[in-house]
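S.K.: File follows, coords_13.txt with compact mmCIF, N, CA and C atoms:
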```txt
# COMPACT_ATOMS: atom_id res chain seq x y z
N MET A 246 62.61 4.77 -5.48
CA MET A 246 63.32 3.62 -5.99
C MET A 246 64.19 3.05 -4.87
N SER A 247 64.23 1.75 -4.75
CA SER A 247 65.08 1.12 -3.74
C SER A 247 66.14 0.28 -4.44
N VAL A 248 67.23 0.06 -3.73
CA VAL A 248 68.33 -0.74 -4.26
C VAL A 248 68.52 -1.92 -3.33
N GLY A 249 68.44 -3.13 -3.89
CA GLY A 249 68.61 -4.33 -3.08
C GLY A 249 70.05 -4.77 -3.02
N VAL A 250 70.48 -5.23 -1.87
CA VAL A 250 71.82 -5.78 -1.70
C VAL A 250 71.65 -7.26 -1.42
N ARG A 251 72.17 -8.07 -2.32
CA ARG A 251 71.97 -9.51 -2.22
C ARG A 251 73.17 -10.25 -1.64
N SER A 252 74.36 -9.64 -1.67
CA SER A 252 75.53 -10.38 -1.23
C SER A 252 76.65 -9.43 -0.84
N ALA A 253 77.72 -10.02 -0.28
CA ALA A 253 78.91 -9.22 0.07
C ALA A 253 79.53 -8.63 -1.18
N GLU A 254 79.41 -9.35 -2.32
CA GLU A 254 79.96 -8.82 -3.58
C GLU A 254 79.23 -7.54 -3.98
N ASP A 255 77.91 -7.50 -3.73
CA ASP A 255 77.15 -6.28 -4.02
C ASP A 255 77.68 -5.12 -3.19
N VAL A 256 77.94 -5.37 -1.91
CA VAL A 256 78.46 -4.32 -1.03
C VAL A 256 79.84 -3.88 -1.51
N ASP A 257 80.71 -4.84 -1.82
CA ASP A 257 82.05 -4.49 -2.30
C ASP A 257 81.97 -3.72 -3.62
N GLY A 258 81.07 -4.15 -4.50
CA GLY A 258 80.91 -3.45 -5.78
C GLY A 258 80.44 -2.03 -5.59
N LEU A 259 79.50 -1.83 -4.68
CA LEU A 259 79.02 -0.49 -4.39
C LEU A 259 80.14 0.35 -3.80
N ALA A 260 80.93 -0.22 -2.91
CA ALA A 260 82.05 0.51 -2.30
C ALA A 260 83.06 0.93 -3.38
N ARG A 261 83.35 0.03 -4.32
CA ARG A 261 84.29 0.37 -5.41
C ARG A 261 83.72 1.47 -6.29
N ALA A 262 82.43 1.39 -6.59
CA ALA A 262 81.80 2.41 -7.43
C ALA A 262 81.84 3.78 -6.75
N LEU A 263 81.54 3.81 -5.46
CA LEU A 263 81.59 5.07 -4.72
C LEU A 263 83.02 5.61 -4.66
N ALA A 264 83.98 4.71 -4.46
CA ALA A 264 85.38 5.14 -4.41
C ALA A 264 85.80 5.75 -5.74
N SER A 265 85.34 5.18 -6.84
CA SER A 265 85.73 5.71 -8.14
C SER A 265 85.14 7.09 -8.39
N LEU A 266 84.06 7.41 -7.69
CA LEU A 266 83.45 8.73 -7.82
C LEU A 266 84.11 9.75 -6.90
N GLY A 267 85.03 9.30 -6.07
CA GLY A 267 85.71 10.21 -5.15
C GLY A 267 84.85 10.58 -3.96
N SER A 268 83.92 9.74 -3.61
CA SER A 268 83.04 10.03 -2.48
C SER A 268 83.81 9.93 -1.17
N PRO A 269 83.37 10.66 -0.15
CA PRO A 269 84.04 10.55 1.14
C PRO A 269 83.92 9.14 1.69
N ALA A 270 84.92 8.73 2.39
CA ALA A 270 84.92 7.40 3.02
C ALA A 270 84.29 7.52 4.41
N PRO A 271 83.84 6.40 4.97
CA PRO A 271 83.35 6.45 6.35
C PRO A 271 84.50 6.81 7.29
N ARG A 272 84.19 7.31 8.46
CA ARG A 272 85.24 7.71 9.41
C ARG A 272 85.94 6.51 10.05
N ALA A 273 85.27 5.37 10.12
CA ALA A 273 85.87 4.19 10.74
C ALA A 273 85.45 2.94 9.97
N ALA A 274 86.29 1.93 10.05
CA ALA A 274 86.01 0.66 9.37
C ALA A 274 86.54 -0.49 10.20
N ALA A 275 85.94 -1.64 10.02
CA ALA A 275 86.40 -2.85 10.67
C ALA A 275 87.65 -3.36 9.98
N ARG A 276 88.42 -4.16 10.67
CA ARG A 276 89.65 -4.73 10.12
C ARG A 276 89.41 -5.46 8.81
N ALA A 277 88.35 -6.25 8.75
CA ALA A 277 88.07 -7.06 7.55
C ALA A 277 87.85 -6.18 6.33
N VAL A 278 87.17 -5.06 6.50
CA VAL A 278 86.94 -4.13 5.39
C VAL A 278 88.27 -3.55 4.92
N ALA A 279 89.10 -3.14 5.87
CA ALA A 279 90.41 -2.59 5.52
C ALA A 279 91.27 -3.63 4.82
N HIS A 280 91.28 -4.85 5.33
CA HIS A 280 92.07 -5.93 4.71
C HIS A 280 91.65 -6.12 3.25
N ARG A 281 90.34 -6.16 2.99
CA ARG A 281 89.87 -6.37 1.61
C ARG A 281 90.30 -5.23 0.71
N ALA A 282 90.14 -4.00 1.17
CA ALA A 282 90.50 -2.84 0.35
C ALA A 282 92.00 -2.81 0.07
N LEU A 283 92.81 -3.11 1.08
CA LEU A 283 94.26 -3.12 0.89
C LEU A 283 94.68 -4.25 -0.05
N ALA A 284 94.09 -5.43 0.11
CA ALA A 284 94.43 -6.57 -0.74
C ALA A 284 94.05 -6.31 -2.19
N ALA A 285 92.98 -5.54 -2.41
CA ALA A 285 92.53 -5.23 -3.76
C ALA A 285 93.30 -4.05 -4.36
N GLY A 286 94.17 -3.43 -3.57
CA GLY A 286 94.93 -2.27 -4.06
C GLY A 286 94.09 -1.01 -4.13
N ALA A 287 92.95 -1.00 -3.44
CA ALA A 287 92.04 0.14 -3.48
C ALA A 287 92.34 1.18 -2.40
N ALA A 288 93.33 0.91 -1.56
CA ALA A 288 93.65 1.82 -0.46
C ALA A 288 95.09 1.58 -0.01
N ARG A 289 95.55 2.48 0.86
CA ARG A 289 96.87 2.34 1.48
C ARG A 289 96.70 2.40 2.99
N TYR A 290 97.73 1.91 3.71
CA TYR A 290 97.67 1.85 5.17
C TYR A 290 98.73 2.74 5.78
N LEU A 291 98.29 3.59 6.70
CA LEU A 291 99.18 4.46 7.46
C LEU A 291 99.16 3.96 8.90
N ASP A 292 100.30 3.53 9.38
CA ASP A 292 100.46 3.02 10.75
C ASP A 292 100.97 4.18 11.59
N CYS A 293 100.16 4.68 12.52
CA CYS A 293 100.57 5.85 13.30
C CYS A 293 101.16 5.48 14.66
N ARG A 294 101.54 4.21 14.83
CA ARG A 294 102.25 3.82 16.05
C ARG A 294 103.68 4.37 16.01
N SER A 295 104.33 4.41 17.15
CA SER A 295 105.73 4.85 17.19
C SER A 295 106.61 3.80 16.53
N LYS A 296 107.77 4.22 16.11
CA LYS A 296 108.70 3.28 15.49
C LYS A 296 109.08 2.16 16.46
N MET A 297 109.19 2.48 17.75
CA MET A 297 109.50 1.46 18.76
C MET A 297 108.40 0.41 18.83
N GLU A 298 107.15 0.83 18.74
CA GLU A 298 106.03 -0.12 18.76
C GLU A 298 106.06 -1.02 17.53
N VAL A 299 106.36 -0.45 16.38
CA VAL A 299 106.40 -1.23 15.15
C VAL A 299 107.51 -2.27 15.23
N VAL A 300 108.67 -1.87 15.76
CA VAL A 300 109.77 -2.83 15.90
C VAL A 300 109.41 -3.93 16.89
N ALA A 301 108.81 -3.56 18.01
CA ALA A 301 108.48 -4.54 19.05
C ALA A 301 107.32 -5.45 18.66
N GLN A 302 106.32 -4.90 17.96
CA GLN A 302 105.10 -5.65 17.68
C GLN A 302 104.99 -6.12 16.23
N GLY A 303 105.86 -5.61 15.39
CA GLY A 303 105.79 -5.95 13.97
C GLY A 303 104.96 -4.94 13.21
N GLY A 304 105.30 -4.78 11.95
CA GLY A 304 104.60 -3.83 11.10
C GLY A 304 103.68 -4.54 10.13
N VAL A 305 102.92 -3.76 9.42
CA VAL A 305 102.01 -4.27 8.40
C VAL A 305 102.72 -4.14 7.05
N ALA A 306 102.80 -5.22 6.31
CA ALA A 306 103.48 -5.22 5.02
C ALA A 306 102.90 -4.13 4.12
N GLY A 307 103.78 -3.34 3.53
CA GLY A 307 103.37 -2.30 2.59
C GLY A 307 102.86 -1.02 3.23
N SER A 308 102.87 -0.95 4.55
CA SER A 308 102.33 0.24 5.22
C SER A 308 103.38 1.33 5.31
N CYS A 309 102.92 2.54 5.59
CA CYS A 309 103.79 3.68 5.87
C CYS A 309 103.68 3.95 7.37
N ASN A 310 104.80 4.01 8.05
CA ASN A 310 104.79 4.30 9.48
C ASN A 310 105.08 5.77 9.68
N MET A 311 104.10 6.48 10.22
CA MET A 311 104.22 7.90 10.53
C MET A 311 103.62 8.12 11.91
N PRO A 312 104.47 8.12 12.95
CA PRO A 312 103.96 8.24 14.32
C PRO A 312 103.14 9.51 14.52
N TYR A 313 102.08 9.36 15.32
CA TYR A 313 101.28 10.52 15.69
C TYR A 313 101.02 10.50 17.19
N LEU A 314 101.03 11.64 17.74
CA LEU A 314 100.90 12.00 19.15
C LEU A 314 102.20 11.86 19.89
N HIS A 315 102.94 10.76 19.70
CA HIS A 315 104.27 10.66 20.30
C HIS A 315 105.12 9.75 19.43
N ASN A 316 106.43 9.93 19.55
CA ASN A 316 107.33 9.13 18.71
C ASN A 316 107.92 7.93 19.42
N GLY A 317 107.48 7.66 20.63
CA GLY A 317 108.00 6.53 21.39
C GLY A 317 109.03 6.92 22.41
N ASP A 318 109.57 8.10 22.29
CA ASP A 318 110.56 8.61 23.25
C ASP A 318 109.93 9.67 24.14
N ASN A 319 108.64 9.61 24.31
CA ASN A 319 107.88 10.60 25.07
C ASN A 319 108.00 12.00 24.49
N GLU A 320 108.36 12.09 23.22
CA GLU A 320 108.38 13.37 22.54
C GLU A 320 107.11 13.49 21.72
N PRO A 321 106.37 14.57 21.93
CA PRO A 321 105.12 14.74 21.18
C PRO A 321 105.38 14.97 19.69
N VAL A 322 104.47 14.50 18.87
CA VAL A 322 104.50 14.76 17.43
C VAL A 322 103.33 15.70 17.14
N PRO A 323 103.62 16.97 16.89
CA PRO A 323 102.53 17.92 16.63
C PRO A 323 101.78 17.57 15.34
N ALA A 324 100.52 17.96 15.30
CA ALA A 324 99.69 17.68 14.12
C ALA A 324 100.32 18.26 12.85
N ALA A 325 100.90 19.44 12.94
CA ALA A 325 101.50 20.07 11.75
C ALA A 325 102.66 19.23 11.21
N GLU A 326 103.46 18.69 12.10
CA GLU A 326 104.59 17.84 11.69
C GLU A 326 104.08 16.54 11.07
N PHE A 327 103.07 15.95 11.69
CA PHE A 327 102.45 14.74 11.16
C PHE A 327 101.92 15.00 9.75
N LEU A 328 101.23 16.11 9.56
CA LEU A 328 100.67 16.44 8.24
C LEU A 328 101.75 16.65 7.20
N GLU A 329 102.86 17.27 7.58
CA GLU A 329 103.97 17.45 6.64
C GLU A 329 104.45 16.10 6.12
N ASP A 330 104.59 15.13 7.02
CA ASP A 330 105.03 13.80 6.62
C ASP A 330 104.01 13.13 5.71
N VAL A 331 102.74 13.25 6.06
CA VAL A 331 101.68 12.63 5.27
C VAL A 331 101.63 13.24 3.87
N GLU A 332 101.76 14.55 3.78
CA GLU A 332 101.69 15.22 2.48
C GLU A 332 102.80 14.78 1.54
N LEU A 333 103.92 14.34 2.07
CA LEU A 333 105.02 13.84 1.23
C LEU A 333 104.73 12.45 0.66
N GLU A 334 103.84 11.71 1.30
CA GLU A 334 103.61 10.31 0.93
C GLU A 334 102.23 10.04 0.31
N PHE A 335 101.21 10.79 0.69
CA PHE A 335 99.84 10.50 0.29
C PHE A 335 99.21 11.68 -0.44
N GLY A 336 98.35 11.36 -1.39
CA GLY A 336 97.54 12.38 -2.05
C GLY A 336 96.22 12.53 -1.31
N ARG A 337 95.63 13.70 -1.41
CA ARG A 337 94.37 13.96 -0.70
C ARG A 337 93.20 13.16 -1.26
N ASP A 338 93.35 12.62 -2.46
CA ASP A 338 92.27 11.85 -3.05
C ASP A 338 92.38 10.35 -2.77
N GLU A 339 93.44 9.91 -2.10
CA GLU A 339 93.63 8.49 -1.82
C GLU A 339 92.76 8.03 -0.64
N VAL A 340 92.36 6.76 -0.69
CA VAL A 340 91.73 6.13 0.47
C VAL A 340 92.87 5.68 1.37
N ILE A 341 92.88 6.18 2.59
CA ILE A 341 93.95 5.88 3.54
C ILE A 341 93.34 5.27 4.80
N TYR A 342 93.67 4.01 5.06
CA TYR A 342 93.27 3.38 6.31
C TYR A 342 94.36 3.68 7.32
N VAL A 343 93.97 4.19 8.48
CA VAL A 343 94.91 4.60 9.51
C VAL A 343 94.69 3.73 10.74
N GLY A 344 95.79 3.15 11.26
CA GLY A 344 95.67 2.29 12.41
C GLY A 344 96.78 2.49 13.42
N CYS A 345 96.51 2.04 14.63
CA CYS A 345 97.49 2.02 15.70
C CYS A 345 97.23 0.73 16.48
N GLN A 346 97.61 0.69 17.72
CA GLN A 346 97.40 -0.54 18.49
C GLN A 346 95.94 -0.71 18.92
N SER A 347 95.34 0.36 19.41
CA SER A 347 93.98 0.24 19.96
C SER A 347 92.91 0.94 19.12
N GLY A 348 93.31 1.86 18.29
CA GLY A 348 92.36 2.65 17.51
C GLY A 348 92.16 4.05 18.04
N ASN A 349 92.70 4.35 19.22
CA ASN A 349 92.53 5.69 19.80
C ASN A 349 93.37 6.74 19.08
N ARG A 350 94.66 6.51 18.95
CA ARG A 350 95.52 7.47 18.25
C ARG A 350 95.15 7.60 16.79
N SER A 351 94.80 6.46 16.17
CA SER A 351 94.45 6.53 14.76
C SER A 351 93.16 7.31 14.55
N ALA A 352 92.22 7.25 15.50
CA ALA A 352 91.01 8.05 15.39
C ALA A 352 91.35 9.54 15.43
N LEU A 353 92.27 9.92 16.31
CA LEU A 353 92.71 11.32 16.37
C LEU A 353 93.45 11.71 15.10
N ALA A 354 94.28 10.81 14.60
CA ALA A 354 95.02 11.09 13.36
C ALA A 354 94.07 11.28 12.19
N VAL A 355 93.01 10.49 12.12
CA VAL A 355 92.03 10.63 11.05
C VAL A 355 91.34 11.99 11.14
N GLU A 356 91.03 12.45 12.33
CA GLU A 356 90.42 13.77 12.48
C GLU A 356 91.35 14.87 11.97
N VAL A 357 92.64 14.75 12.26
CA VAL A 357 93.62 15.72 11.76
C VAL A 357 93.67 15.66 10.24
N LEU A 358 93.72 14.46 9.69
CA LEU A 358 93.79 14.30 8.24
C LEU A 358 92.54 14.85 7.55
N ARG A 359 91.38 14.51 8.08
CA ARG A 359 90.14 15.01 7.47
C ARG A 359 90.06 16.53 7.55
N GLY A 360 90.54 17.10 8.65
CA GLY A 360 90.56 18.55 8.78
C GLY A 360 91.48 19.22 7.78
N ALA A 361 92.46 18.46 7.28
CA ALA A 361 93.40 18.99 6.30
C ALA A 361 93.01 18.62 4.86
N GLY A 362 91.82 18.08 4.69
CA GLY A 362 91.34 17.80 3.34
C GLY A 362 91.47 16.36 2.87
N TYR A 363 91.90 15.47 3.73
CA TYR A 363 91.98 14.04 3.39
C TYR A 363 90.63 13.39 3.73
N ALA A 364 89.63 13.64 2.89
CA ALA A 364 88.26 13.21 3.17
C ALA A 364 88.08 11.70 3.14
N ARG A 365 89.08 10.99 2.63
CA ARG A 365 88.96 9.53 2.51
C ARG A 365 89.88 8.81 3.48
N ALA A 366 90.25 9.49 4.57
CA ALA A 366 91.02 8.87 5.65
C ALA A 366 90.05 8.13 6.55
N VAL A 367 90.38 6.88 6.89
CA VAL A 367 89.48 6.01 7.64
C VAL A 367 90.22 5.37 8.81
N ASN A 368 89.65 5.44 9.98
CA ASN A 368 90.24 4.80 11.15
C ASN A 368 89.95 3.30 11.14
N VAL A 369 90.98 2.51 11.42
CA VAL A 369 90.81 1.05 11.57
C VAL A 369 90.86 0.78 13.07
N ALA A 370 89.71 0.48 13.64
CA ALA A 370 89.63 0.23 15.06
C ALA A 370 90.49 -0.98 15.43
N GLY A 371 91.43 -0.77 16.32
CA GLY A 371 92.29 -1.86 16.76
C GLY A 371 93.44 -2.17 15.84
N GLY A 372 93.63 -1.43 14.77
CA GLY A 372 94.72 -1.70 13.84
C GLY A 372 94.48 -2.95 13.02
N LEU A 373 95.40 -3.26 12.14
CA LEU A 373 95.23 -4.41 11.24
C LEU A 373 95.73 -5.71 11.82
N GLN A 374 96.49 -5.65 12.90
CA GLN A 374 97.07 -6.90 13.43
C GLN A 374 96.16 -7.59 14.39
```
Would you mind writing the structure in this file as structure tokens?
M.R.:
Amino acid sequence: MSVGVRSAEDVDGLARALASLGSPAPRAAARAVAHRALAAGAARYLDCRSKMEVVAQGGVAGSCNMPYLHNGDNEPVPAAEFLEDVELEFGRDEVIYVGCQSGNRSALAVEVLRGAGYARAVNVAGGLQ
């Protein structure tokens, strides 16, 4: 049996149906996909840039800022500390889009999250801005 996809609405509908089943999310997504999911209330955004970067470059409305790899003062943020912060804010069953400035740190953050059971953590290449 084959399933035909006729439009973007079909793709979005399939994505919503899979999300409702608790299926794992892809490891990475384009900005447009993340924007649609966030606008629909189907996901949340974790900004893993340092607080200094968020202040200098602006933040994403409604996002949670939890720096990963460094806090902006050249102090490393260990994965265990990052996970402690995430566990206070996010459930393991939530779809979480993770972004930074370029997508490199957020890709590493997604690997840490997935390793800790956040199967629906998704890297946003290049961040949302």
S.K.: Hey, what's within 8 Å of segment 335-339 of chain A if we count only C-alpha atoms and toss same-chain stuff fewer than 3 positions away? As a VMD selection string, please?
M.R.: chain A and resid 267 288 to 289 331 to 332 362 to 366
S.K.: One decimal, Å: what's the distance from atom C of Gly286 of chain A over to atom CA of Leu328 of chain A, could you say?
M.R.: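 Atom-to-atom, atom C of Gly286 of chain A to atom CA of Leu328 of chain A, that is 22.4 Å.
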S.K.: For each of A:Cys309, A:Val367, A:Ala275, A:Leu353, take the minimum atom-to-atom distance to Cys293 of chain A, counting all atoms listed in the file, then give the residue where this is smallest.
M.R.: A:Cys309
S.K.: Would you list, as a list in words, the residues of chain A that end up in strand (DSSP E) under DSSP run on this structure's backbone?
M.R.: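 Output for chain A, strand (DSSP E) only: Ala273, Ala274, Arg289, Tyr290, Leu291, Asp292, Cys309, Asn310, Leu314, His315, Pro321, Val322, Ile341, Tyr342, Val343, Gly344, Ala366, Val367, Asn368 and Val369 of chain A.
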S.K.: Quick one: pull the distance between atom C of Ala279 of chain A and atom C of Gly372 of chain A, Å, one decimal.
M.R.: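 Atom C of Gly372 of chain A lies at a distance of 8.8 Å from atom C of Ala279 of chain A.
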S.K.: Just want the 7 Å neighbourhood of His315 of chain A, counted on all atoms listed in the file, with same-chain residues fewer than 4 positions away dropped. Output as an mmCIF file with N, CA and C atoms, keeping the file's coordinate frame.
M.R.:
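File part15.cif, as written:
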```
data_model
loop_
_atom_site.group_PDB
_atom_site.id
_atom_site.type_symbol
_atom_site.label_atom_id
_atom_site.label_comp_id
_atom_site.auth_asym_id
_atom_site.auth_seq_id
_atom_site.Cartn_x
_atom_site.Cartn_y
_atom_site.Cartn_z
ATOM 1 N N ARG A 294 101.540 4.210 14.830
ATOM 2 C CA ARG A 294 102.250 3.820 16.050
ATOM 3 C C ARG A 294 103.680 4.370 16.010
ATOM 4 N N SER A 295 104.330 4.410 17.150
ATOM 5 C CA SER A 295 105.730 4.850 17.190
ATOM 6 C C SER A 295 106.610 3.800 16.530
ATOM 7 N N LYS A 296 107.770 4.220 16.110
ATOM 8 C CA LYS A 296 108.700 3.280 15.490
ATOM 9 C C LYS A 296 109.080 2.160 16.460
ATOM 10 N N ASN A 319 108.640 9.610 24.310
ATOM 11 C CA ASN A 319 107.880 10.600 25.070
ATOM 12 C C ASN A 319 108.000 12.000 24.490
ATOM 13 N N GLU A 320 108.360 12.090 23.220
ATOM 14 C CA GLU A 320 108.380 13.370 22.540
ATOM 15 C C GLU A 320 107.110 13.490 21.720
ATOM 16 N N PRO A 321 106.370 14.570 21.930
ATOM 17 C CA PRO A 321 105.120 14.740 21.180
ATOM 18 C C PRO A 321 105.380 14.970 19.690
ATOM 19 N N VAL A 322 104.470 14.500 18.870
ATOM 20 C CA VAL A 322 104.500 14.760 17.430
ATOM 21 C C VAL A 322 103.330 15.700 17.140
ATOM 22 N N PRO A 323 103.620 16.970 16.890
ATOM 23 C CA PRO A 323 102.530 17.920 16.630
ATOM 24 C C PRO A 323 101.780 17.570 15.340
#
```
S.K.: Enumerate as a short mmCIF file (atom, residue, chain, number, x, y, z; two decimals) with N, CA and C atoms, in the coordinates of the input all residues of segment 269-318 of chain A assigned to alpha helix (DSSP H) by DSSP on the backbone, naming them with the chain letters and numbers the document uses.
M.R.:
```cif
data_model
loop_
_atom_site.label_atom_id
_atom_site.label_comp_id
_atom_site.auth_asym_id
_atom_site.auth_seq_id
_atom_site.Cartn_x
_atom_site.Cartn_y
_atom_site.Cartn_z
N ARG A 276 88.42 -4.16 10.67
CA ARG A 276 89.65 -4.73 10.12
C ARG A 276 89.41 -5.46 8.81
N ALA A 277 88.35 -6.25 8.75
CA ALA A 277 88.07 -7.06 7.55
C ALA A 277 87.85 -6.18 6.33
N VAL A 278 87.17 -5.06 6.50
CA VAL A 278 86.94 -4.13 5.39
C VAL A 278 88.27 -3.55 4.92
N ALA A 279 89.10 -3.14 5.87
CA ALA A 279 90.41 -2.59 5.52
C ALA A 279 91.27 -3.63 4.82
N HIS A 280 91.28 -4.85 5.33
CA HIS A 280 92.07 -5.93 4.71
C HIS A 280 91.65 -6.12 3.25
N ARG A 281 90.34 -6.16 2.99
CA ARG A 281 89.87 -6.37 1.61
C ARG A 281 90.30 -5.23 0.71
N ALA A 282 90.14 -4.00 1.17
CA ALA A 282 90.50 -2.84 0.35
C ALA A 282 92.00 -2.81 0.07
N LEU A 283 92.81 -3.11 1.08
CA LEU A 283 94.26 -3.12 0.89
C LEU A 283 94.68 -4.25 -0.05
N ALA A 284 94.09 -5.43 0.11
CA ALA A 284 94.43 -6.57 -0.74
C ALA A 284 94.05 -6.31 -2.19
N LYS A 296 107.77 4.22 16.11
CA LYS A 296 108.70 3.28 15.49
C LYS A 296 109.08 2.16 16.46
N MET A 297 109.19 2.48 17.75
CA MET A 297 109.50 1.46 18.76
C MET A 297 108.40 0.41 18.83
N GLU A 298 107.15 0.83 18.74
CA GLU A 298 106.03 -0.12 18.76
C GLU A 298 106.06 -1.02 17.53
N VAL A 299 106.36 -0.45 16.38
CA VAL A 299 106.40 -1.23 15.15
C VAL A 299 107.51 -2.27 15.23
N VAL A 300 108.67 -1.87 15.76
CA VAL A 300 109.77 -2.83 15.90
C VAL A 300 109.41 -3.93 16.89
N ALA A 301 108.81 -3.56 18.01
CA ALA A 301 108.48 -4.54 19.05
C ALA A 301 107.32 -5.45 18.66
N GLN A 302 106.32 -4.90 17.96
CA GLN A 302 105.10 -5.65 17.68
C GLN A 302 104.99 -6.12 16.23
#
```
S.K.: Rounded to one decimal place, report the atom CA of Ala370 of chain A-atom C of Glu356 of chain A distance in Å.
M.R.: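 Computed distance, atom CA of Ala370 of chain A to atom C of Glu356 of chain A, equals 15.1 Å.
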S.K.: Find the residues around Gly307 of chain A up to 8 Å (only N, CA and C atoms counted), leave out those fewer than 2 positions away in its own chain, and share them as a ChimeraX atom specification.
M.R.: /A:289-291,304-305,309-310
S.K.: Closest to Ala325 of chain A among A:Asn349, A:Val278, A:Glu298, A:Tyr313, using only C-alpha atoms?
M.R.: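 Closest residue, counting only C-alpha atoms: A:Tyr313.
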